[in-house]
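J.: If you scroll down you'll find the structure; I have some questions about it.
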Amino acid sequence: MSVVGSWRLDNPIAVREMRMRARGSRSYLLLFCYVLILSLVMLLAYGVRSQRPALYETIQSSGQELLAILFFCQACLIAVVTPGLTSWVLTIEHEQQTMELLVSTLLRPKEIVFGKLLPAILLLSLLLLSSFPLSMLCLVFGGVSPGEVVARYVGLYAYGIVLAAAGVLASSLFRKSFLAAIAAYLFAVAYSAIPNLTASLIASGWTGWLYSASPNPAWMGILPGWATGIFGPSDATTKILGVRVHAVVLTGVISGLLAWLLAAIATANIPNFNEDRAPRVRILFTLLTVCAFPALMTLRDPRTTGVTNGDVSKWFILVSSLAVLTAPQFSIAARIGRGSDLLSSLSQTLRSPKSWFHSQCAGGFWFSLVWAAVMCVICCIGATRSGRVADNLTQALQLTWVTLSQAAASAALGIMVYSFTRRVVFSRLVCFVSVAIFWSVTSSLVVTFLSPSQSKILAGSIISRALPLLPFVAWARDGGRLSAAAPSLSLAAIITNLAATLLFLFVAARALTRSQRESNSRGDLTGTEEPYASREAVVE
Amino acid sequence: MARSPVLEVDNLTKTYGALSAVEHLSLTLQRGDVLGFVGPNGAGKTTTIKIAATLLDATEGTVRVCGVDVLEDPYQIRKMIGYMPDFFGVYDDLKVWEYLDFFASAYRLPPAERAQASRDVLEITDLAPKRDSYVESLSRGMKQRLCLAKTLLHNPELLILDEPASGLDPRARVEFKEIIKDLREMGKTILVSSHILPELADFCNKIAVIEAGRLIVAGPVRDITAALQEGRKIHIRVLERQEEALAEIAEMPGVASAAAQDGRLIVTYTGPQDSEHEIVKRLVQAGFRVLSFSPAEMNLEDAFMRLTKGIVQ
C-alpha cells in the first residue's frame, strides 16, 4: 500500500473519532470557553489600556501589545487544551478492550495514529480560527501587519500540532489514560518552558539574559515561545549556512518534523510484532536534528564578531547533551543477542550500514555514533565559516572525538542496563532519567563551584570530558579558550570514555551469559521474549 | 494440484521467559472443517489463536493460512481470517450500522459494497432489526453477535472464534450455536475454542484437545469418542444367577473386569466395539436370560475429564 494511501483523509478511525466528538457536547463547550476566555482577556487588556493610555507611546504600539497578549493567552490555552485532546486516544482503546480488534484489521499502525491525530488537529484548527475576529480587532489599532498575524498563527498552529503529537505519543506509551495525561502535560510544560529558558541563557552568554528585545530569529523558528511571536517579531529572517530563511518557515519545517517524529514513535508503540518501525524513527530524528541544528548554530555571542571558540563549544555542548540522552534510547532494543554474541553482533552490524537503522542493540549502538558524527561534521563546517578558522577547527576536531566517545559510552550504558532489566521501556526510562539527573546535577555543581582560576578550569575540563555523561560545561565556563594542556585532556577523556564503553559492554555480555545459563537450566528456549499481554510499548 | 489446508499449524512453540504456553503443537484444518479447540483455562488456546490471528509471534514452528505464513505476510493473512477475541469491547456511542461501516472500511471494503456487506452480516447474525440502534443499547448476547458480524464483513476464508459463547446466558448461547451451525452450512472453515467440550459437540466435525500447551488428541469427533471408548463400561442385567453370569463373562477375551452392582453386571470391555454383541451371544448360549444390555455412553464431558488432568500453567 502506498504511503499516500496510509494518510488518506477517509481514514475510518478519523471518521469515527470525529463522529463521536461531534455527538458529544464537549467540543462545542470547549470552543465556547476558548472564545469566551480570549474575549474576556482582550476586554480586560483594552480596559487597562483605556485607563492608562500613558503606558503606550503610540496608538500603533497598542495594536502590537493587544496582539501579543492575545497570542500569549492563546498559547497558554493551547498548552492546556491540546494534551487533553490527544493523551487518551490510544489508551482508551486499551481500556475499552478494542485495541485488539483494531490491530487485527487491515489498518496499519500509522493509519491508526493518523486517524487519532487528525480530529484533534481539526479541532485545534477550529479553536484557532475562532480567535480570528479578535486578531482582526488588533489590526484596527494599527501597528500590526497582516503578515505578522499570519506568522503568529503559523507559529501557534505548529506549537499545537507538536503538543497534539506528543499527546498521542504519551497515549501510546501507557495503558492508563491518567498516566498518559500526566506525561503529555509534563511534555507540554517542558516543551514550552525549557527551550525558551535555555535559549535565553545561551544567547546571553550565560549571563541570565531573558526576553531580550532582539532575540535571534533562528530561535524564533525553533522554539515555541519565539515561534508564536510572543517574545519578539514573528516576521524576522535569519541567515542559515548562507541562506536567508523566514522564522515562520523554520517553525513550519522544524515543528512539522518534530510532530512527525513523535507520531512515528507513537506508531512504533502500537502492537504489530512483525514490522520494524525503527528505521522511520531514526531517519526522522536525523532529518529533524540536521534541519534544526544549523539554525541553532546561528546563535552567537552578540558581543563578538565571527565564530569564536566559545560558540563552537556551545554547539558541541548541545550535540553531546543530545547524544548522551538519545544514544541509550537507540541502543536499547529487544534484539540483543546472547553473551558473546553481543560482541560479535556489534562487529557484524558495523559491516552492514542498513542494520544501523533497525531495532537491535548493536544497530542502535552504531546509529548513535553515526548520528553524533553527522552532527559533529555540521559543527565543524560551522567552525570553518568565519572567525579564527584554524583555532575553531582544531577545537572542533578535538570535541568531535570526545563527543563520539561519549556517544559510544552512553550507547553501551543503555545496552548494559537493558541486559539486566530486559524491559525496553523501563530501561530507556532508567537511562534517560539517570543521565538527565546526573548530567544536570554535576553540570550545576561544576558551574556553581568552579571559580575561573586556571587550575580549577583544568580540573573541570578533566571531569567534564572524562565522564561520559557530562557535557562540556567547563569549556563553556572557560569561554571556549583551550589551555595548552587541552589536547592531552581530550585524549584522556577519549581513553576514559572508550574504557567505560568496553566495561559496559563486558558487563552486559556477562549478564546476558548468566541469564542465558539460567534460562537453559530451566529449559527455556529463548529467554528474550516478552508476552503480548505484558509486552511493553517499544519506543522504536 | 491439491489446495493448501486452510489452517496448518506445524510444531508451534511459544514461550514467555521460562513459561511454555504452547509446545510443539501441530494442527490442520481443511476447507469446511469446524474444529473445536478445547482445553482448560490456561491451556494455551488463546496463545495459539493469537499467533494464527497475527497478533503474536511464535517462538518456534510455523502457522500458515491458505499456504501463507503468518509471519511473512500478516496483512495478507488478515484478509483471509476473521478473528473474534475472547474479551473485547465495542464502541458504545456508535450505531450498529456505523460500527459495521467502520470495520468494513478498516477491512478496506469499497464504499459501494459496505452497506450491502453490513446488511448481509446483520441478516446472518439476526441483528437486522437493530441496525439503527446504538451499540450500548444491545444486550451482551447481541454485542457478541455484533462482534461476529464484524468478523464476517470481509467474507474471510477462516473464522477464528476465541471462546465465543463465554459469559452468555443459555438462550444467547443456543442462538450463537445456531449461527455457527449456519456458517458451517455456508461452508466456512471455523476454529472455535472453548474450555467446555460438550458446548462444541453439536457443530464441530473435528476436535483438538490441548492441555498445558501440549496437544493431547486431535481428529474427527467420532474417532476421538471411539478411541475413548476403549475400556468402556457395559451394563448388563440378567434375570437370575448373577454370580455364574459374572464368571462366564470374566472368561471372555477383551473383558478387563466384571462386577455386580445394584443388580447389574458392570463389565469393563476393551475389545473392539463391533464385537460387543459376542457377550450377549455367549450369555444366551449359556442359558442366561438377558434382560438388558447397554454399553454406557461416554459423553464428551467424560472424555474431556478423562483426557485432561487439570494441569494449568
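Every chain in the C-alpha cells takes a letter, A first, then B, and so on in the order presented; its residues are numbered from 1, and the ligands are numbered from 1 following the presented order.
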What parts of range 19-249 of chain B does DSSP call strand (DSSP E or B)? I'd like the answer as number ranges by chain.
T.: B: 19-29, 34-38, 60-65, 68-69, 81-84, 95, 134, 158-162, 189-194, 206-211, 214-220, 232-238
J.: List as a ChimeraX atom specification the protein and nucleic acid residues near range 260-271 of chain A, meaning an atom at most 10 Å away when only C-alpha atoms are counted, but skip any in the same chain fewer than 2 places from it.
T.: /A:90,99-100,103,108-114,117,161-174,254-258,273-278,280-288,532,535-540 /B:55-56
J.: Please provide the set of residues having any atom within 10 Å of Ser194 in chain B, restricted to only C-alpha atoms, with same-chain residues fewer than 5 positions apart removed, written as an mmCIF file with all heavy atoms, in the first residue's frame.
T.:
```
data_model
loop_
_atom_site.group_PDB
_atom_site.id
_atom_site.type_symbol
_atom_site.label_atom_id
_atom_site.label_comp_id
_atom_site.auth_asym_id
_atom_site.auth_seq_id
_atom_site.Cartn_x
_atom_site.Cartn_y
_atom_site.Cartn_z
ATOM 1 N N GLY B 36 -13.228 -27.808 16.948
ATOM 2 C CA GLY B 36 -13.401 -27.372 18.335
ATOM 3 C C GLY B 36 -12.058 -27.464 19.027
ATOM 4 O O GLY B 36 -11.461 -28.537 19.103
ATOM 5 N N PHE B 37 -11.568 -26.336 19.480
ATOM 6 C CA PHE B 37 -10.242 -26.292 20.106
ATOM 7 C C PHE B 37 -10.482 -26.193 21.607
ATOM 8 O O PHE B 37 -10.897 -25.159 22.113
ATOM 9 C CB PHE B 37 -9.515 -25.068 19.570
ATOM 10 C CG PHE B 37 -8.040 -25.055 19.821
ATOM 11 C CD1 PHE B 37 -7.284 -26.206 19.729
ATOM 12 C CD2 PHE B 37 -7.393 -23.869 20.127
ATOM 13 C CE1 PHE B 37 -5.923 -26.180 19.934
ATOM 14 C CE2 PHE B 37 -6.033 -23.833 20.340
ATOM 15 C CZ PHE B 37 -5.303 -24.997 20.242
ATOM 16 N N VAL B 38 -10.253 -27.309 22.269
ATOM 17 C CA VAL B 38 -10.707 -27.414 23.649
ATOM 18 C C VAL B 38 -9.544 -27.567 24.619
ATOM 19 O O VAL B 38 -8.545 -28.199 24.293
ATOM 20 C CB VAL B 38 -11.625 -28.653 23.810
ATOM 21 C CG1 VAL B 38 -12.461 -28.538 25.071
ATOM 22 C CG2 VAL B 38 -12.496 -28.834 22.614
ATOM 23 N N GLY B 39 -9.717 -27.017 25.752
ATOM 24 C CA GLY B 39 -8.714 -27.190 26.798
ATOM 25 C C GLY B 39 -9.141 -26.390 28.004
ATOM 26 O O GLY B 39 -9.924 -25.448 27.884
ATOM 27 N N PRO B 40 -8.618 -26.776 29.158
ATOM 28 C CA PRO B 40 -8.971 -25.996 30.354
ATOM 29 C C PRO B 40 -8.401 -24.582 30.272
ATOM 30 O O PRO B 40 -7.562 -24.301 29.409
ATOM 31 C CB PRO B 40 -8.320 -26.784 31.494
ATOM 32 C CG PRO B 40 -7.331 -27.682 30.859
ATOM 33 C CD PRO B 40 -7.707 -27.870 29.438
ATOM 34 N N ASN B 41 -8.841 -23.740 31.143
ATOM 35 C CA ASN B 41 -8.313 -22.367 31.164
ATOM 36 C C ASN B 41 -6.802 -22.410 31.351
ATOM 37 O O ASN B 41 -6.292 -23.160 32.181
ATOM 38 C CB ASN B 41 -8.937 -21.567 32.313
ATOM 39 C CG ASN B 41 -10.415 -21.337 32.079
ATOM 40 O OD1 ASN B 41 -10.852 -21.255 30.933
ATOM 41 N ND2 ASN B 41 -11.180 -21.253 33.144
ATOM 42 N N LYS B 45 -4.785 -22.178 24.478
ATOM 43 C CA LYS B 45 -5.687 -21.987 23.320
ATOM 44 C C LYS B 45 -5.565 -20.572 22.767
ATOM 45 O O LYS B 45 -5.370 -20.356 21.572
ATOM 46 C CB LYS B 45 -7.154 -22.202 23.737
ATOM 47 C CG LYS B 45 -7.467 -23.533 24.345
ATOM 48 C CD LYS B 45 -8.946 -23.687 24.588
ATOM 49 C CE LYS B 45 -9.517 -22.704 25.604
ATOM 50 N NZ LYS B 45 -9.063 -22.921 26.979
ATOM 51 N N THR B 46 -5.695 -19.599 23.664
ATOM 52 C CA THR B 46 -5.694 -18.206 23.214
ATOM 53 C C THR B 46 -4.349 -17.827 22.607
ATOM 54 O O THR B 46 -4.292 -17.107 21.615
ATOM 55 C CB THR B 46 -6.069 -17.285 24.392
ATOM 56 O OG1 THR B 46 -7.379 -17.642 24.825
ATOM 57 C CG2 THR B 46 -6.066 -15.822 23.980
ATOM 58 N N ASP B 86 -11.550 -13.334 22.779
ATOM 59 C CA ASP B 86 -12.362 -13.811 23.905
ATOM 60 C C ASP B 86 -12.932 -12.641 24.706
ATOM 61 O O ASP B 86 -14.069 -12.664 25.131
ATOM 62 C CB ASP B 86 -11.566 -14.763 24.801
ATOM 63 C CG ASP B 86 -10.188 -14.229 25.157
ATOM 64 O OD1 ASP B 86 -9.799 -13.176 24.603
ATOM 65 O OD2 ASP B 86 -9.497 -14.850 25.972
ATOM 66 N N LEU B 161 -12.655 -18.052 16.292
ATOM 67 C CA LEU B 161 -13.524 -17.548 17.356
ATOM 68 C C LEU B 161 -12.984 -18.048 18.696
ATOM 69 O O LEU B 161 -12.944 -19.249 18.949
ATOM 70 C CB LEU B 161 -14.954 -18.044 17.155
ATOM 71 C CG LEU B 161 -15.524 -17.908 15.734
ATOM 72 C CD1 LEU B 161 -16.909 -18.524 15.650
ATOM 73 C CD2 LEU B 161 -15.568 -16.463 15.299
ATOM 74 N N ASP B 162 -12.555 -17.115 19.504
ATOM 75 C CA ASP B 162 -11.963 -17.488 20.796
ATOM 76 C C ASP B 162 -13.031 -17.402 21.880
ATOM 77 O O ASP B 162 -13.453 -16.308 22.243
ATOM 78 C CB ASP B 162 -10.788 -16.546 21.099
ATOM 79 C CG ASP B 162 -9.915 -17.055 22.232
ATOM 80 O OD1 ASP B 162 -10.211 -18.150 22.740
ATOM 81 O OD2 ASP B 162 -8.951 -16.364 22.593
ATOM 82 N N GLU B 163 -13.444 -18.537 22.361
ATOM 83 C CA GLU B 163 -14.475 -18.634 23.412
ATOM 84 C C GLU B 163 -15.668 -17.730 23.097
ATOM 85 O O GLU B 163 -16.004 -16.832 23.885
ATOM 86 C CB GLU B 163 -13.884 -18.230 24.768
ATOM 87 C CG GLU B 163 -12.605 -18.975 25.084
ATOM 88 C CD GLU B 163 -12.713 -19.868 26.283
ATOM 89 O OE1 GLU B 163 -13.827 -20.003 26.817
ATOM 90 O OE2 GLU B 163 -11.701 -20.460 26.658
ATOM 91 N N PRO B 164 -16.322 -17.953 21.977
ATOM 92 C CA PRO B 164 -17.361 -17.005 21.566
ATOM 93 C C PRO B 164 -18.590 -17.010 22.465
ATOM 94 O O PRO B 164 -19.317 -16.024 22.513
ATOM 95 C CB PRO B 164 -17.730 -17.464 20.151
ATOM 96 C CG PRO B 164 -17.354 -18.898 20.115
ATOM 97 C CD PRO B 164 -16.190 -19.054 21.019
ATOM 98 N N ALA B 165 -18.822 -18.117 23.162
ATOM 99 C CA ALA B 165 -20.064 -18.195 23.942
ATOM 100 C C ALA B 165 -19.842 -17.956 25.427
ATOM 101 O O ALA B 165 -20.766 -18.099 26.219
ATOM 102 C CB ALA B 165 -20.711 -19.564 23.728
ATOM 103 N N SER B 166 -18.620 -17.576 25.786
ATOM 104 C CA SER B 166 -18.371 -17.408 27.224
ATOM 105 C C SER B 166 -19.131 -16.192 27.747
ATOM 106 O O SER B 166 -19.208 -15.159 27.091
ATOM 107 C CB SER B 166 -16.876 -17.256 27.494
ATOM 108 O OG SER B 166 -16.408 -16.073 26.919
ATOM 109 N N GLU B 199 -20.011 -28.152 24.697
ATOM 110 C CA GLU B 199 -20.531 -26.965 24.027
ATOM 111 C C GLU B 199 -20.277 -27.025 22.525
ATOM 112 O O GLU B 199 -21.012 -26.461 21.727
ATOM 113 C CB GLU B 199 -19.810 -25.759 24.626
ATOM 114 C CG GLU B 199 -20.397 -24.432 24.285
ATOM 115 C CD GLU B 199 -19.636 -23.338 25.023
ATOM 116 O OE1 GLU B 199 -20.036 -23.036 26.159
ATOM 117 O OE2 GLU B 199 -18.655 -22.810 24.480
ATOM 118 N N LEU B 200 -19.214 -27.735 22.134
ATOM 119 C CA LEU B 200 -18.795 -27.755 20.742
ATOM 120 C C LEU B 200 -19.320 -28.980 19.996
ATOM 121 O O LEU B 200 -19.231 -29.052 18.777
ATOM 122 C CB LEU B 200 -17.270 -27.749 20.657
ATOM 123 C CG LEU B 200 -16.558 -26.620 21.401
ATOM 124 C CD1 LEU B 200 -15.060 -26.832 21.353
ATOM 125 C CD2 LEU B 200 -16.898 -25.287 20.754
ATOM 126 N N VAL B 209 -7.824 -31.368 21.537
ATOM 127 C CA VAL B 209 -7.799 -31.111 22.983
ATOM 128 C C VAL B 209 -6.366 -30.744 23.374
ATOM 129 O O VAL B 209 -5.417 -31.441 23.002
ATOM 130 C CB VAL B 209 -8.269 -32.347 23.781
ATOM 131 C CG1 VAL B 209 -8.272 -32.042 25.275
ATOM 132 C CG2 VAL B 209 -9.664 -32.762 23.333
#
```
J.: Compare A:Leu101, A:Ala409, A:Val435, A:Val80 by their minimum atom-to-atom distance to chain B, counting only C-alpha atoms, and give me the closest one.
T.: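 Among the listed residues, A:Leu101 lies closest to chain B.
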J.: Excluding Glu276 in chain B and any residue of its chain fewer than 3 positions from it, enumerate the residues within 10 Å of it, using only C-alpha atoms, and give them as a ChimeraX atom specification.
T.: /B:234,254-255,269-273,279-281,293,295
J.: With N, CA and C atoms kept, could you save the residues just selected as an mmCIF file, in the first residue's frame?
T.:
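Output below, filename result_11.cif:
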```cif
data_model
loop_
_atom_site.group_PDB
_atom_site.id
_atom_site.type_symbol
_atom_site.label_atom_id
_atom_site.label_comp_id
_atom_site.auth_asym_id
_atom_site.auth_seq_id
_atom_site.Cartn_x
_atom_site.Cartn_y
_atom_site.Cartn_z
ATOM 1 N N ILE B 234 -19.940 -51.646 30.157
ATOM 2 C CA ILE B 234 -21.183 -52.183 29.588
ATOM 3 C C ILE B 234 -22.045 -52.652 30.774
ATOM 4 N N GLY B 254 -11.137 -59.910 26.022
ATOM 5 C CA GLY B 254 -11.479 -58.473 25.926
ATOM 6 C C GLY B 254 -12.135 -57.932 27.171
ATOM 7 N N VAL B 255 -12.485 -58.806 28.084
ATOM 8 C CA VAL B 255 -13.129 -58.319 29.305
ATOM 9 C C VAL B 255 -12.035 -58.056 30.356
ATOM 10 N N TYR B 269 -15.001 -53.513 29.144
ATOM 11 C CA TYR B 269 -14.656 -54.243 27.920
ATOM 12 C C TYR B 269 -13.644 -53.448 27.116
ATOM 13 N N THR B 270 -12.562 -54.142 26.751
ATOM 14 C CA THR B 270 -11.509 -53.443 25.991
ATOM 15 C C THR B 270 -11.429 -53.933 24.547
ATOM 16 N N GLY B 271 -12.293 -54.882 24.213
ATOM 17 C CA GLY B 271 -12.270 -55.413 22.845
ATOM 18 C C GLY B 271 -12.870 -54.423 21.862
ATOM 19 N N PRO B 272 -12.875 -54.796 20.569
ATOM 20 C CA PRO B 272 -13.440 -53.884 19.564
ATOM 21 C C PRO B 272 -14.938 -53.681 19.768
ATOM 22 N N GLN B 273 -15.377 -52.501 19.360
ATOM 23 C CA GLN B 273 -16.775 -52.139 19.622
ATOM 24 C C GLN B 273 -17.751 -53.084 18.897
ATOM 25 N N ILE B 279 -20.742 -60.828 23.795
ATOM 26 C CA ILE B 279 -21.018 -61.029 25.224
ATOM 27 C C ILE B 279 -22.468 -61.522 25.387
ATOM 28 N N VAL B 280 -23.381 -60.865 24.703
ATOM 29 C CA VAL B 280 -24.794 -61.257 24.797
ATOM 30 C C VAL B 280 -24.978 -62.668 24.254
ATOM 31 N N LYS B 281 -24.325 -62.851 23.097
ATOM 32 C CA LYS B 281 -24.468 -64.150 22.437
ATOM 33 C C LYS B 281 -24.029 -65.281 23.378
ATOM 34 N N PHE B 293 -28.949 -54.961 27.906
ATOM 35 C CA PHE B 293 -27.531 -54.882 27.562
ATOM 36 C C PHE B 293 -27.280 -53.456 27.074
ATOM 37 N N PRO B 295 -24.273 -50.642 26.501
ATOM 38 C CA PRO B 295 -22.936 -50.022 26.625
ATOM 39 C C PRO B 295 -23.114 -48.600 27.159
#
```
J.: Figure out the distance between CA of Thr421 in chain A and CA of Gln97 in chain A, please, to one decimal in Å.
T.: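 Value for the CA of Gln97 in chain A-CA of Thr421 in chain A distance: 28.2 Å.
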J.: Tell me, counting only C-alpha atoms, for each residue of chain B within 6 Å of chain A, which pair of atoms is nearest and how far apart they are in Å to one decimal, in rows ordered by chain and increasing number, as a Markdown table.
T.:
```
| residue | atom | partner | partner_atom | distance |
| --- | --- | --- | --- | --- |
| B:Tyr16 | CA | A:Pro531 | CA | 5.6 |
| B:Gly17 | CA | A:Gly527 | CA | 4.8 |
| B:Ala18 | CA | A:Asp524 | CA | 5.0 |
| B:Phe88 | CA | A:Gln97 | CA | 5.0 |
| B:Gly89 | CA | A:Gln97 | CA | 4.7 |
| B:Phe102 | CA | A:Pro12 | CA | 5.8 |
| B:Ser105 | CA | A:Pro12 | CA | 5.9 |
| B:Ala106 | CA | A:Leu107 | CA | 5.7 |
| B:Tyr107 | CA | A:Leu106 | CA | 5.3 |
```
J.: So, with only C-alpha atoms as the atoms that count, which of B:Leu283, B:Met142, B:Ile77, B:Ile207 lies closest to Glu251 in chain B?
T.: B:Leu283
J.: Neighbouring residues of Arg64 in chain B were defined as those with any atom within 9 Å, considering only C-alpha atoms; residues of the same chain fewer than 5 positions away were excluded. Please report them as a list in words.
T.: Pro5, Val6, Leu7, Glu8, Val9, Asp10, Ala52, Asp69, Val70, Leu71 and Ile77 of chain B
J.: Could you pull the residues within 9 Å of Pro156 in chain B, counting only C-alpha atoms, minus those fewer than 6 positions along the same chain, as a list in words?
T.: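 So the residues in contact are Arg78, Lys79, Met80, Ile81, Gly82 and Lys188 of chain B.
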J.: For the residues selected in the previous step, produce a file with N, CA, C and O atoms as a PDB file, in the first residue's frame.
T.:
```
ATOM      1  N   ARG B  78      -4.648 -11.344   7.367  1.00  0.00           N
ATOM      2  CA  ARG B  78      -5.809 -10.672   7.965  1.00  0.00           C
ATOM      3  C   ARG B  78      -6.954 -10.529   6.976  1.00  0.00           C
ATOM      4  O   ARG B  78      -8.106 -10.390   7.384  1.00  0.00           O
ATOM      5  N   LYS B  79      -6.628 -10.540   5.674  1.00  0.00           N
ATOM      6  CA  LYS B  79      -7.705 -10.521   4.676  1.00  0.00           C
ATOM      7  C   LYS B  79      -8.436 -11.854   4.664  1.00  0.00           C
ATOM      8  O   LYS B  79      -9.596 -11.928   4.305  1.00  0.00           O
ATOM      9  N   MET B  80      -7.712 -12.917   5.054  1.00  0.00           N
ATOM     10  CA  MET B  80      -8.286 -14.257   4.914  1.00  0.00           C
ATOM     11  C   MET B  80      -8.926 -14.774   6.185  1.00  0.00           C
ATOM     12  O   MET B  80      -9.615 -15.784   6.158  1.00  0.00           O
ATOM     13  N   ILE B  81      -8.667 -14.101   7.295  1.00  0.00           N
ATOM     14  CA  ILE B  81      -9.240 -14.604   8.551  1.00  0.00           C
ATOM     15  C   ILE B  81     -10.199 -13.578   9.165  1.00  0.00           C
ATOM     16  O   ILE B  81     -10.071 -12.380   8.956  1.00  0.00           O
ATOM     17  N   GLY B  82     -11.121 -14.103   9.909  1.00  0.00           N
ATOM     18  CA  GLY B  82     -11.985 -13.253  10.727  1.00  0.00           C
ATOM     19  C   GLY B  82     -11.726 -13.654  12.163  1.00  0.00           C
ATOM     20  O   GLY B  82     -11.906 -14.819  12.525  1.00  0.00           O
ATOM     21  N   LYS B 188     -18.121 -22.371   5.679  1.00  0.00           N
ATOM     22  CA  LYS B 188     -16.998 -21.659   6.299  1.00  0.00           C
ATOM     23  C   LYS B 188     -16.096 -22.638   7.060  1.00  0.00           C
ATOM     24  O   LYS B 188     -16.592 -23.608   7.649  1.00  0.00           O
TER      25      LYS B 188
END
```
J.: Which residues are close to Arg119 in chain B, i.e. within 10 Å by only C-alpha atoms, leaving aside same-chain residues fewer than 2 positions away? Reply as a list in words.
T.: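 Once the adjacent positions are removed, what remains is Trp97, Leu100, Arg114, Ala115, Gln116, Ala117, Val121, Leu122, Glu123, Ile124, Leu127, Ala128, Arg131, Ala149 and Leu153 of chain B.
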J.: For CA of Ala258 in chain B and CA of Gln285 in chain B, determine how far apart the two atoms are, in Å to one decimal place.
T.: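 So the two atoms, CA of Ala258 in chain B and CA of Gln285 in chain B, lie 18.8 Å apart.
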J.: Determine which residues of range 117-191 of chain B receive a DSSP assignment of alpha helix (DSSP H), computed from the backbone, and state them as JSON, numbers by chain.
T.: {"B": [117, 118, 119, 120, 121, 122, 123, 124, 140, 141, 142, 143, 144, 145, 146, 147, 148, 149, 150, 151, 152, 170, 171, 172, 173, 174, 175, 176, 177, 178, 179, 180, 181, 182, 183, 184, 185]}
J.: Measuring atom to atom with only C-alpha atoms, identify which of B:Gly287, B:Gly263, B:Gly141, B:Pro253 is nearest to Arg237 in chain B.
T.: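 Among the listed residues, B:Gly263 lies closest to Arg237 in chain B.
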